[in-house]
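S.K.: Provided below: run.pdb, containing PDB, C-alpha atoms.
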```pdb
ATOM      1  CA  ALA A  29      -3.623  13.659 -53.785
ATOM      2  CA  ILE A  30      -2.562  14.020 -50.174
ATOM      3  CA  VAL A  31      -5.560  13.614 -47.861
ATOM      4  CA  ALA A  32      -5.363  14.783 -44.235
ATOM      5  CA  PRO A  33      -8.043  14.242 -41.557
ATOM      6  CA  THR A  34      -9.224  17.830 -42.042
ATOM      7  CA  TYR A  35      -8.771  20.410 -44.775
ATOM      8  CA  GLN A  36      -7.152  22.800 -42.299
ATOM      9  CA  GLN A  37      -4.611  20.163 -41.249
ATOM     10  CA  GLY A  38      -3.649  19.536 -44.855
ATOM     11  CA  LYS A  39      -3.231  23.253 -45.417
ATOM     12  CA  ASP A  40      -1.194  23.801 -42.248
ATOM     13  CA  ILE A  41       1.057  20.787 -42.689
ATOM     14  CA  TYR A  42       1.720  20.751 -46.418
ATOM     15  CA  TRP A  43       0.823  24.155 -47.847
ATOM     16  CA  ARG A  44       1.950  26.805 -45.381
ATOM     17  CA  ASP A  45       5.478  25.400 -45.165
ATOM     18  CA  PRO A  46       7.140  25.667 -48.604
ATOM     19  CA  THR A  47       9.868  23.214 -47.608
ATOM     20  CA  LYS A  48       7.244  20.476 -47.261
ATOM     21  CA  LEU A  49       6.213  20.724 -50.919
ATOM     22  CA  LEU A  50       9.775  21.135 -52.119
ATOM     23  CA  SER A  51      10.718  17.974 -50.237
ATOM     24  CA  LEU A  52       8.145  16.109 -52.352
ATOM     25  CA  LEU A  53       9.195  17.449 -55.762
ATOM     26  CA  PRO A  54      11.726  19.940 -57.178
ATOM     27  CA  ALA A  55      10.730  23.587 -57.664
ATOM     28  CA  ASP A  56      11.527  23.504 -61.397
ATOM     29  CA  ALA A  57       8.873  20.795 -61.881
ATOM     30  CA  ILE A  58       6.055  23.124 -60.770
ATOM     31  CA  ALA A  59       4.209  25.024 -63.507
ATOM     32  CA  LYS A  60       1.455  26.590 -61.379
ATOM     33  CA  LYS A  61       0.591  26.871 -57.679
ATOM     34  CA  ASN A  62      -3.046  27.531 -56.777
ATOM     35  CA  ASP A  63      -3.297  28.873 -53.212
ATOM     36  CA  SER A  64      -7.089  29.083 -53.149
ATOM     37  CA  GLU A  65      -7.785  25.462 -54.144
ATOM     38  CA  LEU A  66      -4.535  23.949 -52.812
ATOM     39  CA  PHE A  67      -3.172  22.206 -55.865
ATOM     40  CA  LEU A  68       0.013  22.190 -57.893
ATOM     41  CA  GLN A  69       0.069  21.849 -61.648
ATOM     42  CA  LEU A  70       3.291  20.240 -62.836
ATOM     43  CA  LYS A  71       5.096  20.795 -66.094
ATOM     44  CA  ASN A  72       4.489  17.199 -67.155
ATOM     45  CA  GLY A  73       0.714  17.765 -66.952
ATOM     46  CA  SER A  74       0.203  16.109 -63.562
ATOM     47  CA  TYR A  75      -1.526  17.649 -60.560
ATOM     48  CA  LEU A  76      -0.952  17.335 -56.829
ATOM     49  CA  TYR A  77      -3.998  18.101 -54.651
ATOM     50  CA  ILE A  78      -4.196  18.714 -50.900
ATOM     51  CA  ARG A  79      -7.555  17.607 -49.491
ATOM     52  CA  GLY A  80      -9.285  16.923 -46.169
ATOM     53  CA  SER A  81     -11.409  13.882 -45.324
ATOM     54  CA  ASP A  82     -13.811  16.238 -43.521
ATOM     55  CA  ARG A  83     -14.832  17.568 -46.948
ATOM     56  CA  PRO A  84     -15.609  14.315 -48.779
ATOM     57  CA  ASP A  85     -17.538  16.040 -51.564
ATOM     58  CA  THR A  86     -14.293  17.619 -52.805
ATOM     59  CA  LEU A  87     -12.989  14.094 -53.469
ATOM     60  CA  ARG A  88     -15.986  12.503 -55.147
ATOM     61  CA  GLY A  89     -15.908  11.912 -58.892
ATOM     62  CA  LEU A  90     -12.191  12.562 -59.266
ATOM     63  CA  ARG A  91      -9.573  10.269 -60.775
ATOM     64  CA  PHE A  92      -6.269   9.803 -59.000
ATOM     65  CA  ASP A  93      -3.192   7.751 -59.774
ATOM     66  CA  TYR A  94      -1.826   7.823 -56.231
ATOM     67  CA  VAL A  95      -3.305   8.916 -52.913
ATOM     68  CA  VAL A  96      -1.534   9.446 -49.589
ATOM     69  CA  MET A  97      -3.813   9.084 -46.563
ATOM     70  CA  ASP A  98      -2.020  11.000 -43.799
ATOM     71  CA  GLU A  99      -3.032  10.171 -40.195
ATOM     72  CA  TYR A 100      -5.604   7.707 -41.486
ATOM     73  CA  ALA A 101      -6.580   6.529 -37.995
ATOM     74  CA  GLN A 102      -8.002   9.993 -37.290
ATOM     75  CA  MET A 103     -10.257  10.025 -40.364
ATOM     76  CA  LYS A 104     -13.962   9.318 -40.534
ATOM     77  CA  GLU A 105     -15.167   5.759 -40.996
ATOM     78  CA  ASN A 106     -15.557   4.474 -44.568
ATOM     79  CA  ILE A 107     -13.715   7.436 -46.120
ATOM     80  CA  TRP A 108     -11.447   4.930 -47.897
ATOM     81  CA  GLU A 109     -14.066   2.434 -49.078
ATOM     82  CA  GLN A 110     -16.777   4.889 -50.104
ATOM     83  CA  ILE A 111     -14.803   7.930 -51.287
ATOM     84  CA  ILE A 112     -11.104   7.349 -52.007
ATOM     85  CA  GLN A 113     -10.949   3.807 -53.383
ATOM     86  CA  PRO A 114     -13.391   4.531 -56.267
ATOM     87  CA  THR A 115     -11.130   7.385 -57.434
ATOM     88  CA  LEU A 116      -8.360   4.846 -58.113
ATOM     89  CA  LEU A 117     -10.368   2.312 -60.115
ATOM     90  CA  ASP A 118      -9.991   3.797 -63.595
ATOM     91  CA  SER A 119      -6.277   4.434 -63.222
ATOM     92  CA  LYS A 120      -5.597   1.199 -61.298
ATOM     93  CA  GLY A 121      -3.876   3.556 -58.878
ATOM     94  CA  LYS A 122      -2.305   2.905 -55.515
ATOM     95  CA  ALA A 123      -2.583   4.345 -52.013
ATOM     96  CA  MET A 124      -0.313   4.814 -49.023
ATOM     97  CA  PHE A 125      -1.703   4.958 -45.474
ATOM     98  CA  ILE A 126       0.366   6.820 -42.880
ATOM     99  CA  SER A 127      -0.732   7.109 -39.274
ATOM    100  CA  THR A 128       0.014   6.942 -35.603
ATOM    101  CA  PRO A 129      -1.898   3.930 -34.227
ATOM    102  CA  TYR A 130      -5.148   4.707 -32.439
ATOM    103  CA  GLY A 131      -6.443   1.503 -30.891
ATOM    104  CA  TYR A 132      -7.690  -1.492 -32.856
ATOM    105  CA  ASP A 133      -9.553   0.447 -35.511
ATOM    106  CA  LYS A 134      -9.695   0.607 -39.312
ATOM    107  CA  PHE A 135      -5.982   1.401 -39.519
ATOM    108  CA  TYR A 136      -5.187  -1.708 -37.469
ATOM    109  CA  LYS A 137      -7.211  -3.805 -39.927
ATOM    110  CA  LEU A 138      -5.148  -2.463 -42.836
ATOM    111  CA  TRP A 139      -1.960  -3.112 -40.877
ATOM    112  CA  LYS A 140      -3.009  -6.747 -40.403
ATOM    113  CA  LEU A 141      -3.760  -7.063 -44.126
ATOM    114  CA  GLY A 142      -0.241  -5.886 -44.894
ATOM    115  CA  GLN A 143       1.200  -8.487 -42.549
ATOM    116  CA  GLY A 144      -0.678 -11.309 -44.261
ATOM    117  CA  THR A 145      -0.344 -13.083 -47.579
ATOM    118  CA  ASP A 146      -2.436 -10.733 -49.719
ATOM    119  CA  PRO A 147      -0.031  -9.418 -52.406
ATOM    120  CA  ASP A 148      -2.028  -6.187 -52.753
ATOM    121  CA  TRP A 149      -1.172  -5.051 -49.228
ATOM    122  CA  LYS A 150       2.113  -4.474 -47.392
ATOM    123  CA  SER A 151       2.690  -2.754 -44.050
ATOM    124  CA  TRP A 152       5.688  -1.462 -42.127
ATOM    125  CA  LYS A 153       6.216   0.002 -38.663
ATOM    126  CA  PHE A 154       8.798   2.593 -37.667
ATOM    127  CA  THR A 155       9.334   3.972 -34.163
ATOM    128  CA  SER A 156      10.464   7.445 -33.182
ATOM    129  CA  TYR A 157      13.822   5.937 -32.236
ATOM    130  CA  GLU A 158      14.421   5.120 -35.904
ATOM    131  CA  ASN A 159      14.005   8.752 -36.922
ATOM    132  CA  PRO A 160      17.540  10.216 -37.133
ATOM    133  CA  TYR A 161      16.191  13.689 -36.272
ATOM    134  CA  ASN A 162      14.885  12.554 -32.870
ATOM    135  CA  PRO A 163      17.539  12.633 -30.115
ATOM    136  CA  PRO A 164      17.316   9.272 -28.284
ATOM    137  CA  GLU A 165      18.020  10.955 -24.942
ATOM    138  CA  ASP A 166      14.885  13.097 -25.335
ATOM    139  CA  LEU A 167      12.784  10.042 -26.120
ATOM    140  CA  ASP A 168      14.183   8.236 -23.088
ATOM    141  CA  LYS A 169      13.262  11.235 -20.937
ATOM    142  CA  TRP A 170       9.709  11.367 -22.265
ATOM    143  CA  ARG A 171       9.374   7.633 -21.773
ATOM    144  CA  LYS A 172       9.681   8.188 -18.031
ATOM    145  CA  GLU A 173       7.089  10.973 -18.083
ATOM    146  CA  TYR A 174       4.348   9.162 -20.025
ATOM    147  CA  ASP A 175       2.408   6.064 -19.043
ATOM    148  CA  ASP A 176       3.410   2.893 -20.879
ATOM    149  CA  ASP A 177       0.384   2.757 -23.190
ATOM    150  CA  THR A 178       0.622   6.375 -24.339
ATOM    151  CA  PHE A 179       4.344   6.183 -25.031
ATOM    152  CA  ALA A 180       3.956   2.853 -26.840
ATOM    153  CA  GLN A 181       1.277   4.290 -29.102
ATOM    154  CA  GLU A 182       2.722   7.732 -29.812
ATOM    155  CA  TYR A 183       6.431   6.896 -30.045
ATOM    156  CA  LEU A 184       6.760   3.136 -30.581
ATOM    157  CA  ALA A 185       3.918   2.815 -33.129
ATOM    158  CA  GLU A 186       2.242   0.045 -31.160
ATOM    159  CA  PHE A 187      -1.476  -0.636 -31.266
ATOM    160  CA  ARG A 188      -2.925  -0.170 -27.800
ATOM    161  CA  ARG A 189      -6.436   0.273 -26.456
ATOM    162  CA  LEU A 190      -5.974   3.270 -24.196
ATOM    163  CA  LYS A 191      -9.578   3.716 -23.055
ATOM    164  CA  GLY A 192     -11.669   1.206 -21.155
ATOM    165  CA  MET A 193      -8.831  -1.285 -20.895
ATOM    166  CA  VAL A 194      -9.454  -3.469 -17.841
ATOM    167  CA  TYR A 195      -6.804  -6.095 -18.467
ATOM    168  CA  LYS A 196      -3.671  -4.023 -19.084
ATOM    169  CA  ASP A 197      -1.466  -7.062 -19.840
ATOM    170  CA  PHE A 198      -3.779  -8.302 -22.567
ATOM    171  CA  ASP A 199      -1.909  -8.859 -25.840
ATOM    172  CA  ARG A 200      -3.810  -9.850 -28.994
ATOM    173  CA  ALA A 201      -0.740 -11.576 -30.412
ATOM    174  CA  ILE A 202      -0.631 -13.888 -27.382
ATOM    175  CA  HIS A 203      -4.153 -14.154 -26.008
ATOM    176  CA  VAL A 204      -6.317 -14.286 -29.138
ATOM    177  CA  VAL A 205      -6.632 -17.616 -30.952
ATOM    178  CA  LYS A 206      -8.159 -18.409 -34.313
ATOM    179  CA  PRO A 207     -11.892 -19.185 -34.129
ATOM    180  CA  MET A 208     -12.829 -22.858 -34.109
ATOM    181  CA  GLU A 209     -15.975 -24.939 -34.099
ATOM    182  CA  LEU A 210     -16.817 -26.357 -30.668
ATOM    183  CA  PRO A 211     -19.310 -29.228 -30.208
ATOM    184  CA  ILE A 212     -22.588 -28.008 -28.718
ATOM    185  CA  ASN A 213     -22.679 -30.963 -26.299
ATOM    186  CA  TRP A 214     -19.473 -29.852 -24.555
ATOM    187  CA  SER A 215     -19.516 -28.201 -21.144
ATOM    188  CA  PHE A 216     -18.176 -24.651 -20.881
ATOM    189  CA  TYR A 217     -16.587 -23.052 -17.815
ATOM    190  CA  ARG A 218     -15.074 -19.718 -16.857
ATOM    191  CA  ALA A 219     -12.751 -19.075 -13.909
ATOM    192  CA  VAL A 220     -11.700 -15.669 -12.649
ATOM    193  CA  ASP A 221      -8.796 -14.738 -10.389
ATOM    194  CA  PHE A 222      -9.289 -11.080  -9.467
ATOM    195  CA  GLY A 223      -5.601 -10.691  -8.785
ATOM    196  CA  PHE A 224      -5.207  -8.517  -5.705
ATOM    197  CA  ILE A 225      -1.427  -8.964  -5.981
ATOM    198  CA  ASN A 226      -0.840 -10.179  -9.548
ATOM    199  CA  PRO A 227      -2.810  -9.121 -12.663
ATOM    200  CA  THR A 228      -6.361 -10.410 -12.996
ATOM    201  CA  ALA A 229      -6.747 -13.653 -14.938
ATOM    202  CA  CYS A 230      -9.879 -14.890 -16.728
ATOM    203  CA  LEU A 231      -9.758 -18.486 -17.996
ATOM    204  CA  PHE A 232     -12.278 -20.041 -20.410
ATOM    205  CA  THR A 233     -12.335 -23.843 -20.721
ATOM    206  CA  CYS A 234     -14.490 -26.463 -22.393
ATOM    207  CA  ILE A 235     -14.560 -30.257 -22.150
TER     208      ILE A 235
END
```
Could I get this structure in the form of structure tokens?
M.R.:
Amino acid sequence: AIVAPTYQQGKDIYWRDPTKLLSLLPADAIAKKNDSELFLQLKNGSYLYIRGSDRPDTLRGLRFDYVVMDEYAQMKENIWEQIIQPTLLDSKGKAMFISTPYGYDKFYKLWKLGQGTDPDWKSWKFTSYENPYNPPEDLDKWRKEYDDDTFAQEYLAEFRRLKGMVYKDFDRAIHVVKPMELPINWSFYRAVDFGFINPTACLFTCI
């Protein structure tokens, strides 16, 4: 199955354009095409379904071998854990999550899993510059027109918090440390430099 954020998106992206489906599998492999329920029946007995996460009931109780979650960051919370993952249990199937980043959300958590040591998860990042169909000169032009955060998210596949971000130079990779136990008898202090010239700094210390 290919699951889009909405049923209409799945239909518009994958079904209305015949070249999309033919890029996934050859025409001579298709035995039947059902336009009303958006599925292909293949000559080897397999099926390919197009679904939307906005219609979760159409996914319940099914059995899939492989599921593609397209634009996962835009989907409803828990659609993977409560709806999709159970459909893969019997088949011991796999899933692929594709998305433009959208802050530090559920997609970011999966990305971090894929960057860790868990053998069941692997993640990759590709920017628009790595797409051979995107002229670099156009991307460079747009880079000047967009603010840094928007361009980084939409074209460089970077995780940014675009709304409510007070400290724009904050970087989780640099400024977040692993949690640790601190003695309760220590003294704790916080110092703030509001940064009228340079960026604001907030320093937490304990002794």
S.K.: Exactly which residues make up the result of the PyMOL selection byres ((chain A and resi 215) around 6) on this file, given as a VMD selection string?
M.R.: chain A and resid 214 216 234 to 235
S.K.: Record the distance separating CA of Asp82 (chain A) and CA of Leu52 (chain A), expressed in Å with one decimal.
M.R.: 23.7 Å
S.K.: For each of A:Ala185, A:Cys230, A:Leu68, A:Ile212, take the minimum atom-to-atom distance to Ala55 (chain A), counting all atoms listed in the file, then give the residue where this is smallest.
M.R.: A:Leu68
S.K.: Evaluating the PyMOL selection byres ((chain A and resi 220) around 9) on the displayed file yields which residues, as a count of residues only?
M.R.: 10
S.K.: For the structure provided, state which residues fall under the PyMOL selection byres ((chain A and resi 153) around 12), and present them as an mmCIF file with C-alpha atoms, keeping the file's coordinate frame.
M.R.:
```
data_model
loop_
_atom_site.group_PDB
_atom_site.id
_atom_site.type_symbol
_atom_site.label_atom_id
_atom_site.label_comp_id
_atom_site.auth_asym_id
_atom_site.auth_seq_id
_atom_site.Cartn_x
_atom_site.Cartn_y
_atom_site.Cartn_z
ATOM 1 C CA PHE A 125 -1.703 4.958 -45.474
ATOM 2 C CA ILE A 126 0.366 6.820 -42.880
ATOM 3 C CA SER A 127 -0.732 7.109 -39.274
ATOM 4 C CA THR A 128 0.014 6.942 -35.603
ATOM 5 C CA PRO A 129 -1.898 3.930 -34.227
ATOM 6 C CA TYR A 136 -5.187 -1.708 -37.469
ATOM 7 C CA TRP A 139 -1.960 -3.112 -40.877
ATOM 8 C CA LYS A 140 -3.009 -6.747 -40.403
ATOM 9 C CA GLY A 142 -0.241 -5.886 -44.894
ATOM 10 C CA GLN A 143 1.200 -8.487 -42.549
ATOM 11 C CA LYS A 150 2.113 -4.474 -47.392
ATOM 12 C CA SER A 151 2.690 -2.754 -44.050
ATOM 13 C CA TRP A 152 5.688 -1.462 -42.127
ATOM 14 C CA PHE A 154 8.798 2.593 -37.667
ATOM 15 C CA THR A 155 9.334 3.972 -34.163
ATOM 16 C CA SER A 156 10.464 7.445 -33.182
ATOM 17 C CA TYR A 157 13.822 5.937 -32.236
ATOM 18 C CA GLU A 158 14.421 5.120 -35.904
ATOM 19 C CA ASN A 159 14.005 8.752 -36.922
ATOM 20 C CA GLN A 181 1.277 4.290 -29.102
ATOM 21 C CA TYR A 183 6.431 6.896 -30.045
ATOM 22 C CA LEU A 184 6.760 3.136 -30.581
ATOM 23 C CA ALA A 185 3.918 2.815 -33.129
ATOM 24 C CA GLU A 186 2.242 0.045 -31.160
ATOM 25 C CA PHE A 187 -1.476 -0.636 -31.266
#
```
S.K.: Distance cut-off 12 Å, centre (9.8, 7.7, -22.0) in file coordinates, counting all atoms listed in the file: which residues qualify? Return them as a list of chain:residue names.
M.R.: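 With a cut-off of 12 Å, the residues come to A:Ser156, A:Tyr157, A:Pro164, A:Glu165, A:Asp166, A:Leu167, A:Asp168, A:Lys169, A:Trp170, A:Arg171, A:Lys172, A:Glu173, A:Tyr174, A:Asp175, A:Asp176, A:Asp177, A:Thr178, A:Phe179, A:Ala180, A:Gln181, A:Glu182, A:Tyr183, A:Leu184.
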S.K.: Give me, please, the distance in Å between CA of His203 (chain A) and CA of Asn106 (chain A), quoted to one decimal.
M.R.: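 According to the coordinates, CA of His203 (chain A) and CA of Asn106 (chain A) are separated by 28.7 Å.
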S.K.: Give me the residues within 8 Å of Arg91 (chain A) as a list in words, counting all atoms listed in the file and dropping any in the same chain fewer than 3 places off.
M.R.: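 So the residues in contact are Thr115, Leu116, Asp118 and Ser119 of chain A.
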S.K.: Show me as a list in words the residues that reach within 9 Å of (-10.5, 20.0, -40.8), counting all atoms listed in the file and using the file's own coordinates.
M.R.: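 With a cut-off of 9 Å, the residues come to Ala32, Pro33, Thr34, Tyr35, Gln36, Gln37, Gly38, Gly80, Ser81, Asp82 and Arg83 of chain A.
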S.K.: So what do you get for CA of Ile58 (chain A) versus CA of Leu70 (chain A), distance-wise?
M.R.: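 These atoms are spaced 4.5 Å apart.
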S.K.: Identify which of the residues A:Ile78, A:Asp56, A:Gly144, A:Pro160 lies closest to Ile41 (chain A), counting all atoms listed in the file when measuring atom-to-atom distances.
M.R.: A:Ile78
S.K.: Write out as a PyMOL selection string the residues lying within 12 Å of Trp43 (chain A), counting only C-alpha atoms and excluding same-chain residues fewer than 3 positions away.
M.R.: chain A and resi 30+32+35-40+46-52+61-68+76-79
S.K.: Looking at A:Asp146, A:Asp45, A:Lys134, A:Val205, which one is nearest to Glu109 (chain A), with distances taken over all atoms listed in the file?
M.R.: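 Residue with the minimum atom-to-atom distance to Glu109 (chain A): A:Lys134.
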S.K.: Would you kindly place all heavy atoms on region 197-208 of chain A and return the model as a compact mmCIF listing (two decimals), keeping the file's coordinate frame?
M.R.:
```
# COMPACT_ATOMS: atom_id res chain seq x y z
N ASP A 197 -2.48 -6.18 -19.27
CA ASP A 197 -1.47 -7.06 -19.84
C ASP A 197 -1.98 -7.86 -21.02
O ASP A 197 -1.29 -8.72 -21.55
CB ASP A 197 -0.94 -8.04 -18.76
CG ASP A 197 -0.14 -7.31 -17.70
OD1 ASP A 197 0.51 -6.30 -18.06
OD2 ASP A 197 -0.14 -7.75 -16.54
N PHE A 198 -3.20 -7.58 -21.43
CA PHE A 198 -3.78 -8.30 -22.57
C PHE A 198 -3.02 -7.97 -23.84
O PHE A 198 -2.75 -6.81 -24.16
CB PHE A 198 -5.25 -7.92 -22.73
CG PHE A 198 -5.92 -8.59 -23.90
CD1 PHE A 198 -6.34 -9.90 -23.82
CD2 PHE A 198 -6.11 -7.90 -25.09
CE1 PHE A 198 -6.97 -10.52 -24.90
CE2 PHE A 198 -6.72 -8.51 -26.17
CZ PHE A 198 -7.16 -9.81 -26.08
N ASP A 199 -2.65 -9.02 -24.59
CA ASP A 199 -1.91 -8.86 -25.84
C ASP A 199 -2.59 -9.72 -26.90
O ASP A 199 -2.65 -10.95 -26.77
CB ASP A 199 -0.45 -9.30 -25.65
CG ASP A 199 0.41 -9.02 -26.88
OD1 ASP A 199 -0.14 -8.91 -27.99
OD2 ASP A 199 1.64 -8.92 -26.72
N ARG A 200 -3.10 -9.10 -27.96
CA ARG A 200 -3.81 -9.85 -28.99
C ARG A 200 -2.93 -10.92 -29.64
O ARG A 200 -3.41 -11.97 -30.05
CB ARG A 200 -4.34 -8.89 -30.06
CG ARG A 200 -5.56 -8.12 -29.63
CD ARG A 200 -5.97 -7.08 -30.63
NE ARG A 200 -7.21 -6.43 -30.21
CZ ARG A 200 -8.38 -6.57 -30.81
NH1 ARG A 200 -8.48 -7.31 -31.88
NH2 ARG A 200 -9.44 -5.96 -30.36
N ALA A 201 -1.65 -10.62 -29.77
CA ALA A 201 -0.74 -11.58 -30.41
C ALA A 201 -0.59 -12.85 -29.58
O ALA A 201 -0.29 -13.92 -30.12
CB ALA A 201 0.62 -10.93 -30.64
N ILE A 202 -0.82 -12.74 -28.27
CA ILE A 202 -0.63 -13.89 -27.38
C ILE A 202 -1.97 -14.51 -26.98
O ILE A 202 -2.12 -15.74 -26.98
CB ILE A 202 0.13 -13.45 -26.11
CG1 ILE A 202 1.52 -12.92 -26.48
CG2 ILE A 202 0.23 -14.61 -25.11
CD1 ILE A 202 2.27 -12.32 -25.31
N HIS A 203 -2.94 -13.68 -26.67
CA HIS A 203 -4.15 -14.15 -26.01
C HIS A 203 -5.35 -14.36 -26.93
O HIS A 203 -6.42 -14.76 -26.45
CB HIS A 203 -4.53 -13.18 -24.89
CG HIS A 203 -3.45 -12.99 -23.88
ND1 HIS A 203 -2.80 -11.80 -23.68
CD2 HIS A 203 -2.87 -13.88 -23.03
CE1 HIS A 203 -1.89 -11.94 -22.74
NE2 HIS A 203 -1.90 -13.19 -22.33
N VAL A 204 -5.22 -14.07 -28.20
CA VAL A 204 -6.32 -14.29 -29.14
C VAL A 204 -5.96 -15.46 -30.04
O VAL A 204 -4.89 -15.48 -30.65
CB VAL A 204 -6.59 -13.03 -29.99
CG1 VAL A 204 -7.65 -13.33 -31.05
CG2 VAL A 204 -7.05 -11.89 -29.10
N VAL A 205 -6.86 -16.44 -30.12
CA VAL A 205 -6.63 -17.62 -30.95
C VAL A 205 -7.60 -17.59 -32.13
O VAL A 205 -8.60 -16.88 -32.11
CB VAL A 205 -6.81 -18.93 -30.16
CG1 VAL A 205 -5.81 -19.01 -29.02
CG2 VAL A 205 -8.24 -19.02 -29.63
N LYS A 206 -7.28 -18.35 -33.15
CA LYS A 206 -8.16 -18.41 -34.31
C LYS A 206 -9.48 -19.08 -33.93
O LYS A 206 -9.51 -20.01 -33.13
CB LYS A 206 -7.48 -19.20 -35.43
CG LYS A 206 -6.25 -18.53 -36.01
CD LYS A 206 -5.66 -19.35 -37.14
CE LYS A 206 -4.45 -18.66 -37.73
NZ LYS A 206 -3.85 -19.45 -38.84
N PRO A 207 -10.60 -18.58 -34.47
CA PRO A 207 -11.89 -19.18 -34.13
C PRO A 207 -11.98 -20.63 -34.57
O PRO A 207 -11.37 -21.03 -35.57
CB PRO A 207 -12.90 -18.30 -34.89
CG PRO A 207 -12.11 -17.65 -35.97
CD PRO A 207 -10.72 -17.48 -35.43
N MET A 208 -12.70 -21.43 -33.81
CA MET A 208 -12.83 -22.86 -34.11
C MET A 208 -14.24 -23.32 -33.74
O MET A 208 -14.91 -22.70 -32.92
CB MET A 208 -11.78 -23.66 -33.33
CG MET A 208 -11.94 -23.58 -31.83
SD MET A 208 -10.57 -24.34 -30.92
CE MET A 208 -9.30 -23.11 -31.18
```
